[in-house]
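Visitor: Dropping in query_24.pdb, with PDB, C-alpha atoms.
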MODEL        1
ATOM      1  CA  MET A   2     240.778 189.153 247.612
ATOM      2  CA  LYS A   3     237.843 191.557 247.974
ATOM      3  CA  LYS A   4     239.659 194.318 246.036
ATOM      4  CA  THR A   5     240.488 191.878 243.252
ATOM      5  CA  VAL A   6     236.831 190.904 242.850
ATOM      6  CA  LEU A   7     235.730 194.539 242.750
ATOM      7  CA  PHE A   8     238.354 195.307 240.113
ATOM      8  CA  PHE A   9     237.197 192.550 237.789
ATOM      9  CA  ILE A  10     233.470 193.437 237.876
ATOM     10  CA  PRO A  11     233.707 196.631 235.718
ATOM     11  CA  VAL A  12     236.253 194.915 233.471
ATOM     12  CA  LEU A  13     233.804 192.109 232.784
ATOM     13  CA  VAL A  14     231.018 194.609 232.074
ATOM     14  CA  ILE A  15     233.219 196.372 229.507
ATOM     15  CA  LEU A  16     234.251 193.104 227.880
ATOM     16  CA  PHE A  17     230.667 191.957 227.510
ATOM     17  CA  ALA A  18     229.729 195.360 226.079
ATOM     18  CA  PHE A  19     231.901 194.758 223.022
ATOM     19  CA  THR A  20     232.517 191.025 222.664
ATOM     20  CA  GLY A  21     230.757 187.701 222.710
ATOM     21  CA  ASP A  22     227.198 186.695 222.004
ATOM     22  CA  LYS A  23     225.621 188.650 224.864
ATOM     23  CA  PRO A  24     226.465 192.325 224.347
ATOM     24  CA  ALA A  25     225.586 194.656 227.222
ATOM     25  CA  TYR A  26     224.135 197.301 224.921
ATOM     26  CA  GLN A  27     223.542 198.287 221.307
ATOM     27  CA  LEU A  28     223.775 201.864 220.103
ATOM     28  CA  TYR A  29     221.328 203.151 217.464
ATOM     29  CA  ASN A  30     220.839 206.414 215.621
ATOM     30  CA  PHE A  31     217.454 208.142 215.567
ATOM     31  CA  LYS A  32     216.393 206.154 212.496
ATOM     32  CA  GLY A  33     216.964 202.861 214.268
ATOM     33  CA  GLN A  34     220.145 202.068 212.384
ATOM     34  CA  LYS A  35     222.940 200.485 214.390
ATOM     35  CA  ALA A  36     225.631 203.010 215.259
ATOM     36  CA  LYS A  37     229.127 202.874 216.695
ATOM     37  CA  TYR A  38     230.405 204.661 219.761
ATOM     38  CA  LYS A  39     232.864 206.631 217.604
ATOM     39  CA  GLU A  40     229.891 208.182 215.760
ATOM     40  CA  LEU A  41     228.362 209.299 219.060
ATOM     41  CA  LYS A  42     231.739 210.600 220.229
ATOM     42  CA  LYS A  43     232.257 212.648 217.049
ATOM     43  CA  ALA A  44     228.788 214.194 217.246
ATOM     44  CA  ALA A  45     229.277 215.039 220.922
ATOM     45  CA  GLU A  46     232.669 216.625 220.239
ATOM     46  CA  GLU A  47     231.033 219.047 217.797
ATOM     47  CA  ALA A  48     228.049 219.912 219.996
ATOM     48  CA  ASP A  49     227.402 222.917 222.200
ATOM     49  CA  ILE A  50     225.324 220.914 224.662
ATOM     50  CA  ILE A  51     224.987 217.161 225.105
ATOM     51  CA  PHE A  52     222.051 215.681 226.982
ATOM     52  CA  PHE A  53     222.827 212.192 228.255
ATOM     53  CA  GLY A  54     219.432 210.729 229.126
ATOM     54  CA  GLU A  55     219.903 207.887 231.570
ATOM     55  CA  LEU A  56     217.941 205.238 233.377
ATOM     56  CA  HIS A  57     218.891 206.092 236.944
ATOM     57  CA  ASN A  58     219.632 202.530 238.045
ATOM     58  CA  ASP A  59     221.408 201.230 234.966
ATOM     59  CA  PRO A  60     225.177 200.560 235.209
ATOM     60  CA  ILE A  61     225.760 200.783 231.450
ATOM     61  CA  CYS A  62     224.435 204.364 231.385
ATOM     62  CA  HIS A  63     226.726 205.444 234.178
ATOM     63  CA  TRP A  64     229.776 203.770 232.674
ATOM     64  CA  LEU A  65     229.122 205.358 229.253
ATOM     65  CA  GLN A  66     228.549 208.771 230.840
ATOM     66  CA  LEU A  67     231.976 208.639 232.407
ATOM     67  CA  GLU A  68     233.655 207.308 229.255
ATOM     68  CA  LEU A  69     232.106 209.995 227.045
ATOM     69  CA  THR A  70     232.995 212.694 229.571
ATOM     70  CA  LYS A  71     236.616 211.539 229.581
ATOM     71  CA  ASP A  72     236.706 211.538 225.791
ATOM     72  CA  LEU A  73     235.243 215.047 225.600
ATOM     73  CA  PHE A  74     237.816 216.261 228.110
ATOM     74  CA  GLU A  75     240.585 214.922 225.894
ATOM     75  CA  VAL A  76     239.310 217.220 223.135
ATOM     76  CA  HIS A  77     238.037 220.277 225.011
ATOM     77  CA  GLY A  78     239.982 220.299 228.269
ATOM     78  CA  THR A  79     238.659 222.814 230.776
ATOM     79  CA  ASN A  80     236.229 224.200 228.196
ATOM     80  CA  LEU A  81     234.091 221.213 229.164
ATOM     81  CA  ILE A  82     231.366 221.875 231.737
ATOM     82  CA  GLN A  83     229.494 219.123 233.558
ATOM     83  CA  GLY A  84     226.000 219.458 234.972
ATOM     84  CA  ALA A  85     223.349 217.192 236.379
ATOM     85  CA  GLU A  86     219.730 216.827 237.376
ATOM     86  CA  MET A  87     220.935 215.029 240.514
ATOM     87  CA  PHE A  88     222.187 218.228 242.159
ATOM     88  CA  GLU A  89     219.937 221.117 243.146
ATOM     89  CA  THR A  90     220.616 224.803 242.709
ATOM     90  CA  ASP A  91     220.703 225.612 246.429
ATOM     91  CA  ASN A  92     223.544 223.110 246.872
ATOM     92  CA  GLN A  93     225.803 224.682 244.246
ATOM     93  CA  ILE A  94     228.048 226.340 246.804
ATOM     94  CA  ILE A  95     228.635 222.989 248.549
ATOM     95  CA  LEU A  96     229.367 221.303 245.228
ATOM     96  CA  ASP A  97     231.786 224.096 244.285
ATOM     97  CA  GLU A  98     233.557 223.943 247.630
ATOM     98  CA  TYR A  99     234.080 220.203 247.355
ATOM     99  CA  ILE A 100     235.345 220.269 243.771
ATOM    100  CA  GLU A 101     237.697 223.145 244.644
ATOM    101  CA  GLY A 102     239.057 221.147 247.606
ATOM    102  CA  LYS A 103     237.786 223.563 250.234
ATOM    103  CA  ILE A 104     235.671 221.048 252.153
ATOM    104  CA  SER A 105     236.098 217.349 252.875
ATOM    105  CA  LYS A 106     234.290 214.511 251.170
ATOM    106  CA  LYS A 107     232.627 213.755 254.510
ATOM    107  CA  SER A 108     231.221 217.285 254.755
ATOM    108  CA  PHE A 109     230.102 217.208 251.134
ATOM    109  CA  LYS A 110     228.274 213.905 251.498
ATOM    110  CA  SER A 111     226.577 214.923 254.741
ATOM    111  CA  GLU A 112     225.348 218.326 253.550
ATOM    112  CA  ALA A 113     224.613 218.102 249.828
ATOM    113  CA  ARG A 114     221.383 216.017 249.914
ATOM    114  CA  LEU A 115     222.891 213.455 247.570
ATOM    115  CA  TRP A 116     220.781 210.828 245.869
ATOM    116  CA  SER A 117     220.850 207.418 247.547
ATOM    117  CA  ASN A 118     222.749 205.956 244.577
ATOM    118  CA  TYR A 119     225.370 208.716 244.516
ATOM    119  CA  SER A 120     228.279 206.494 245.530
ATOM    120  CA  THR A 121     227.638 203.871 242.853
ATOM    121  CA  ASP A 122     226.401 206.059 240.003
ATOM    122  CA  TYR A 123     227.481 209.703 240.236
ATOM    123  CA  ALA A 124     230.527 209.915 242.489
ATOM    124  CA  ALA A 125     232.862 209.021 239.607
ATOM    125  CA  LEU A 126     231.547 211.964 237.543
ATOM    126  CA  VAL A 127     232.035 214.421 240.405
ATOM    127  CA  GLU A 128     235.495 213.055 241.189
ATOM    128  CA  PHE A 129     236.449 213.415 237.531
ATOM    129  CA  ALA A 130     235.403 217.068 237.642
ATOM    130  CA  LYS A 131     237.383 217.538 240.844
ATOM    131  CA  ASP A 132     240.522 215.870 239.478
ATOM    132  CA  SER A 133     240.265 217.740 236.160
ATOM    133  CA  SER A 134     239.409 221.201 237.571
ATOM    134  CA  LEU A 135     236.081 221.272 235.718
ATOM    135  CA  LYS A 136     232.968 223.226 236.600
ATOM    136  CA  PHE A 137     230.112 220.982 237.741
ATOM    137  CA  VAL A 138     226.682 222.646 237.796
ATOM    138  CA  GLY A 139     223.775 221.531 239.936
ATOM    139  CA  THR A 140     220.956 222.392 237.549
ATOM    140  CA  ASN A 141     217.793 221.106 239.188
ATOM    141  CA  ILE A 142     215.190 222.995 241.193
ATOM    142  CA  PRO A 143     215.227 222.394 244.958
ATOM    143  CA  ARG A 144     212.724 219.597 245.421
ATOM    144  CA  ARG A 145     210.705 221.565 247.975
ATOM    145  CA  TYR A 146     209.692 224.037 245.260
ATOM    146  CA  ALA A 147     208.771 221.292 242.800
ATOM    147  CA  SER A 148     206.573 219.951 245.606
ATOM    148  CA  VAL A 149     204.904 223.359 245.933
ATOM    149  CA  VAL A 150     204.007 223.259 242.242
ATOM    150  CA  HIS A 151     202.758 219.694 242.502
ATOM    151  CA  LYS A 152     200.395 220.688 245.300
ATOM    152  CA  GLN A 153     199.385 224.210 244.303
ATOM    153  CA  GLY A 154     200.359 224.830 240.684
ATOM    154  CA  LEU A 155     202.909 227.115 239.037
ATOM    155  CA  GLU A 156     201.194 230.255 240.326
ATOM    156  CA  ALA A 157     202.188 229.350 243.882
ATOM    157  CA  LEU A 158     205.814 230.154 243.064
ATOM    158  CA  ASP A 159     204.919 233.833 242.822
ATOM    159  CA  SER A 160     204.404 233.994 246.586
ATOM    160  CA  LEU A 161     207.945 232.800 247.383
ATOM    161  CA  SER A 162     210.425 235.258 248.838
ATOM    162  CA  LEU A 163     213.066 236.907 246.684
ATOM    163  CA  GLY A 164     215.628 234.786 248.499
ATOM    164  CA  SER A 165     213.833 231.624 247.447
ATOM    165  CA  LYS A 166     213.323 232.786 243.870
ATOM    166  CA  ARG A 167     217.063 233.081 243.296
ATOM    167  CA  PHE A 168     217.100 229.289 242.952
ATOM    168  CA  LEU A 169     214.462 229.384 240.200
ATOM    169  CA  PRO A 170     214.351 230.522 236.583
ATOM    170  CA  PRO A 171     212.680 233.874 235.873
ATOM    171  CA  LEU A 172     208.940 233.632 236.515
ATOM    172  CA  PRO A 173     206.516 232.966 235.035
ATOM    173  CA  ILE A 174     207.923 230.114 232.979
ATOM    174  CA  LYS A 175     206.468 229.061 229.649
ATOM    175  CA  TYR A 176     204.363 225.927 229.905
ATOM    176  CA  ASP A 177     202.940 223.961 226.990
ATOM    177  CA  PRO A 178     200.558 221.246 228.233
ATOM    178  CA  GLU A 179     200.363 219.833 224.694
ATOM    179  CA  LEU A 180     203.971 218.623 224.708
ATOM    180  CA  LYS A 181     204.014 214.845 224.506
ATOM    181  CA  CYS A 182     206.120 214.409 227.628
ATOM    182  CA  TYR A 183     203.576 216.254 229.772
ATOM    183  CA  LYS A 184     200.488 214.758 228.126
ATOM    184  CA  ASP A 185     201.905 211.267 228.579
ATOM    185  CA  MET A 186     202.317 211.910 232.285
ATOM    186  CA  LEU A 187     198.644 212.669 232.740
ATOM    187  CA  GLU A 188     197.603 209.718 230.588
ATOM    188  CA  MET A 189     199.833 207.391 232.571
ATOM    189  CA  MET A 190     198.286 208.537 235.850
ATOM    190  CA  GLY A 191     194.808 208.078 234.435
ATOM    191  CA  GLY A 192     195.683 204.637 233.124
ATOM    192  CA  MET A 193     196.867 203.570 236.559
ATOM    193  CA  GLY A 194     193.448 204.314 237.958
ATOM    194  CA  GLY A 195     194.727 206.895 240.413
ATOM    195  CA  HIS A 196     193.712 210.493 240.989
ATOM    196  CA  VAL A 197     194.877 212.614 238.053
ATOM    197  CA  ASN A 198     196.666 215.635 239.454
ATOM    198  CA  GLU A 199     196.768 218.300 236.748
ATOM    199  CA  ASN A 200     199.774 219.842 238.498
ATOM    200  CA  LEU A 201     202.003 216.782 238.051
ATOM    201  CA  PRO A 202     203.305 217.746 234.581
ATOM    202  CA  LYS A 203     203.670 221.340 235.787
ATOM    203  CA  ALA A 204     206.020 220.109 238.521
ATOM    204  CA  GLN A 205     207.973 218.324 235.790
ATOM    205  CA  ALA A 206     207.993 221.491 233.696
ATOM    206  CA  ILE A 207     209.452 223.655 236.472
ATOM    207  CA  LYS A 208     212.265 221.101 236.822
ATOM    208  CA  ASP A 209     212.872 221.190 233.063
ATOM    209  CA  ALA A 210     212.750 224.984 232.928
ATOM    210  CA  THR A 211     215.125 225.324 235.876
ATOM    211  CA  MET A 212     217.639 222.909 234.375
ATOM    212  CA  ALA A 213     217.499 224.673 231.015
ATOM    213  CA  TYR A 214     217.986 228.061 232.670
ATOM    214  CA  ASN A 215     221.031 226.914 234.630
ATOM    215  CA  ILE A 216     222.590 225.229 231.624
ATOM    216  CA  LEU A 217     222.295 228.405 229.564
ATOM    217  CA  LYS A 218     223.513 230.531 232.456
ATOM    218  CA  ASN A 219     226.747 228.529 232.537
ATOM    219  CA  TRP A 220     227.271 227.883 228.820
ATOM    220  CA  TYR A 221     228.778 230.344 226.388
ATOM    221  CA  PRO A 222     230.546 230.075 223.005
ATOM    222  CA  GLN A 223     233.647 227.846 222.927
ATOM    223  CA  LYS A 224     232.314 225.882 225.892
ATOM    224  CA  VAL A 225     230.750 222.418 225.753
ATOM    225  CA  PHE A 226     228.132 221.467 228.336
ATOM    226  CA  MET A 227     227.648 217.783 229.211
ATOM    227  CA  HIS A 228     224.364 217.294 231.093
ATOM    228  CA  TYR A 229     223.290 214.108 232.864
ATOM    229  CA  ASN A 230     219.562 213.647 233.391
ATOM    230  CA  GLY A 231     216.815 211.081 233.427
ATOM    231  CA  THR A 232     216.085 210.197 229.820
ATOM    232  CA  TYR A 233     212.464 211.356 230.158
ATOM    233  CA  HIS A 234     213.707 214.938 230.632
ATOM    234  CA  SER A 235     215.206 215.083 227.128
ATOM    235  CA  ASN A 236     213.455 212.397 225.053
ATOM    236  CA  ASN A 237     211.979 213.623 221.765
ATOM    237  CA  ARG A 238     213.918 216.875 222.254
ATOM    238  CA  GLU A 239     211.238 217.952 224.698
ATOM    239  CA  GLY A 240     211.523 218.723 228.407
ATOM    240  CA  ILE A 241     214.812 220.528 229.074
ATOM    241  CA  VAL A 242     215.697 220.660 225.380
ATOM    242  CA  TRP A 243     212.414 222.384 224.509
ATOM    243  CA  TYR A 244     213.151 225.124 227.039
ATOM    244  CA  ILE A 245     216.714 225.516 225.759
ATOM    245  CA  LEU A 246     215.494 225.912 222.183
ATOM    246  CA  GLN A 247     212.949 228.539 223.196
ATOM    247  CA  GLU A 248     215.882 230.767 224.159
ATOM    248  CA  LYS A 249     218.659 229.687 221.784
ATOM    249  CA  PRO A 250     217.271 227.748 218.790
ATOM    250  CA  SER A 251     220.574 227.861 216.908
ATOM    251  CA  LEU A 252     222.546 225.811 219.437
ATOM    252  CA  ASN A 253     224.003 222.497 218.295
ATOM    253  CA  ILE A 254     222.380 220.046 220.701
ATOM    254  CA  VAL A 255     223.066 216.311 220.748
ATOM    255  CA  THR A 256     220.645 214.105 222.655
ATOM    256  CA  ILE A 257     221.182 210.599 223.970
ATOM    257  CA  ALA A 258     218.301 208.450 225.176
ATOM    258  CA  THR A 259     218.349 205.140 227.009
ATOM    259  CA  VAL A 260     215.794 202.361 226.626
ATOM    260  CA  GLU A 261     215.435 198.773 227.788
ATOM    261  CA  GLN A 262     214.178 195.987 225.526
ATOM    262  CA  GLU A 263     213.828 192.218 225.803
ATOM    263  CA  SER A 264     216.020 191.953 222.696
ATOM    264  CA  ILE A 265     218.525 194.595 221.615
ATOM    265  CA  GLU A 266     219.055 193.197 218.119
ATOM    266  CA  GLU A 267     216.622 195.725 216.642
ATOM    267  CA  LEU A 268     215.249 198.967 218.009
ATOM    268  CA  ASN A 269     211.544 198.730 218.761
ATOM    269  CA  GLU A 270     209.333 201.071 216.768
ATOM    270  CA  GLU A 271     208.205 203.036 219.817
ATOM    271  CA  ASN A 272     211.839 203.884 220.562
ATOM    272  CA  LEU A 273     212.613 205.404 217.158
ATOM    273  CA  ASN A 274     213.388 209.143 217.069
ATOM    274  CA  LEU A 275     213.683 209.425 220.844
ATOM    275  CA  ALA A 276     217.075 211.083 220.466
ATOM    276  CA  ASP A 277     220.012 211.508 218.122
ATOM    277  CA  PHE A 278     221.461 208.348 219.648
ATOM    278  CA  ILE A 279     219.622 205.642 221.560
ATOM    279  CA  ILE A 280     221.367 203.260 223.935
ATOM    280  CA  CYS A 281     219.420 200.005 223.914
ATOM    281  CA  ILE A 282     220.040 197.795 226.942
ATOM    282  CA  PRO A 283     218.701 194.317 227.812
ATOM    283  CA  GLU A 284     215.813 194.673 230.227
ATOM    284  CA  ASP A 285     217.300 192.062 232.543
ATOM    285  CA  MET A 286     220.503 194.087 233.012
ATOM    286  CA  THR A 287     221.683 194.144 236.624
ATOM    287  CA  LYS A 288     220.580 197.325 238.432
ATOM    288  CA  THR A 289     222.722 199.533 240.644
ATOM    289  CA  HIS A 290     219.934 199.986 243.189
TER     290      HIS A 290
ENDMDL
END
Since I need it in another form, could you write the structure as structure tokens?

Guide:
Amino acid sequence: MKKTVLFFIPVLVILFAFTGDKPAYQLYNFKGQKAKYKELKKAAEEADIIFFGELHNDPICHWLQLELTKDLFEVHGTNLIQGAEMFETDNQIILDEYIEGKISKKSFKSEARLWSNYSTDYAALVEFAKDSSLKFVGTNIPRRYASVVHKQGLEALDSLSLGSKRFLPPLPIKYDPELKCYKDMLEMMGGMGGHVNENLPKAQAIKDATMAYNILKNWYPQKVFMHYNGTYHSNNREGIVWYILQEKPSLNIVTIATVEQESIEELNEENLNLADFIICIPEDMTKTH
């Protein structure tokens, strides 16, 4: 009986996503016009890099990530590359060994510093890569180095050993404090009445720069890179996307953002232009964690 219940839960989510009076999400284009999944799929099929900006605890995001990945595989086969913020560069060898079948799932899960919601939200993406013989890239900076920047600033990275620096992008990285994503971070901290740490957006920037560097290191013509990241890292074509475009401005990049609203019948003004496609989800949607 337990297996039957578990089987019907995702089926019900999918049914509600497309039928009835309580849809699970509404897709919009950057202008706020309602869009269809087939439009998103077509744009993604023609892209060099797709950034799927998620809300980490939202089940609709994770379901759509898997569905879009499957659809892209149908078109591109092993020319599709997957990558994610949720895996750090110093764990790439462990990720590779698991996907190539060289180590057990138990070893992988015990050694790879997986996010607490890995089993519910990201395991299906990794298993798809494993079953389909796809490359899966851990793009993010090891969190210990982001912590160094948060405490001491970007300059502190210069004192790391050469062994440590191999997990980072070439230093120094470009940093534009006037980008909206970084300015908003400081304003949010100030608005909360807490101590405003000027290094906070710099720690975000080193994550963005590292992810961009690792995406470009693994992408080349005829390949398609599907990247999963928190929506804040790619909203407004800033964050990771800004760093990508500094190096290769001619790339065809498709961005997907995710927002929550009380009503999904119309896209709120503040959510316009966040991305090429915006997934609008009811704010009372059940969370995965």

Visitor: Report as a list in words the full result of the PyMOL selection byres ((chain A and resi 208) around 10) when it is applied to this structure.

Guide: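 Taken on the displayed file, the PyMOL selection byres ((chain A and resi 208) around 10) yields the residues Glu86, Glu89, Thr140, Asn141, Ile142, Pro143, Arg144, Tyr146, Ala147, Leu169, Pro170, Pro202, Lys203, Ala204, Gln205, Ala206, Ile207, Asp209, Ala210, Thr211, Met212, Ala213, Tyr214, His234, Gly240 and Ile241 of chain A.
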
Visitor: Convert the output of the PyMOL selection byres ((chain A and resi 73) around 10) on the shown file into explicit residues, formatted as a PyMOL selection string.

Guide: chain A and resi 42-43+45-47+67-72+74-82+225-227

Visitor: Any idea what the distance is between CA of Leu161 in chain A and CA of Asn92 in chain A?

Guide: 18.4 Å

Visitor: Point out the residue among A:Tyr229, A:Tyr176, A:Phe278, A:Trp243 with the least atom-to-atom distance to Leu56 in chain A, counting all atoms listed in the file.

Guide: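 Ranking A:Tyr229, A:Tyr176, A:Phe278, A:Trp243 by distance to Leu56 in chain A, first place goes to A:Tyr229.
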
Visitor: Grab the CA of Gln153 in chain A to CA of Leu201 in chain A distance for me, in Å with one decimal place.

Guide: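 Computing the Euclidean distance for CA of Gln153 in chain A and CA of Leu201 in chain A yields 10.1 Å.
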
Visitor: Would you list the contacts of Cys62 in chain A as JSON, numbers by chain, taking every protein, DNA or RNA residue within 12 Å and counting all atoms listed in the file, but skipping same-chain residues closer than 2 positions in sequence?

Guide: {"A": [14, 18, 25, 26, 27, 28, 53, 54, 55, 56, 57, 58, 59, 60, 64, 65, 66, 67, 68, 69, 121, 122, 123, 229, 230, 231, 232, 257, 258, 259, 260, 261, 279, 280, 281, 282, 286, 287, 288, 289]}

Visitor: Can you work out the spacing between CA of Ser111 in chain A and CA of Gln83 in chain A in Å, to one decimal?

Guide: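 If I compute the distance from CA of Ser111 in chain A to CA of Gln83 in chain A, I get 21.8 Å.
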
Visitor: Here's the selection I'm unsure about, the PyMOL selection byres ((chain A and resi 245) around 12); applied to the file above, which residues does it give, as an MDAnalysis selection string?

Guide: chainID A and resid 49:52 175 209:218 220 235 238:244 246:254

Visitor: Compile the contact shell of range 98-107 of chain A as a list in words: residues with an atom at most 12 Å away, counting only C-alpha atoms, same-chain residues fewer than 6 positions apart removed.

Guide: Gln83, Asn92, Ala113, Leu115, Ser120, Ala124, Leu126, Val127, Glu128, Phe129, Ala130, Lys131, Asp132, Ser133, Ser134, Leu135, Lys136, Phe137 and Val138 of chain A
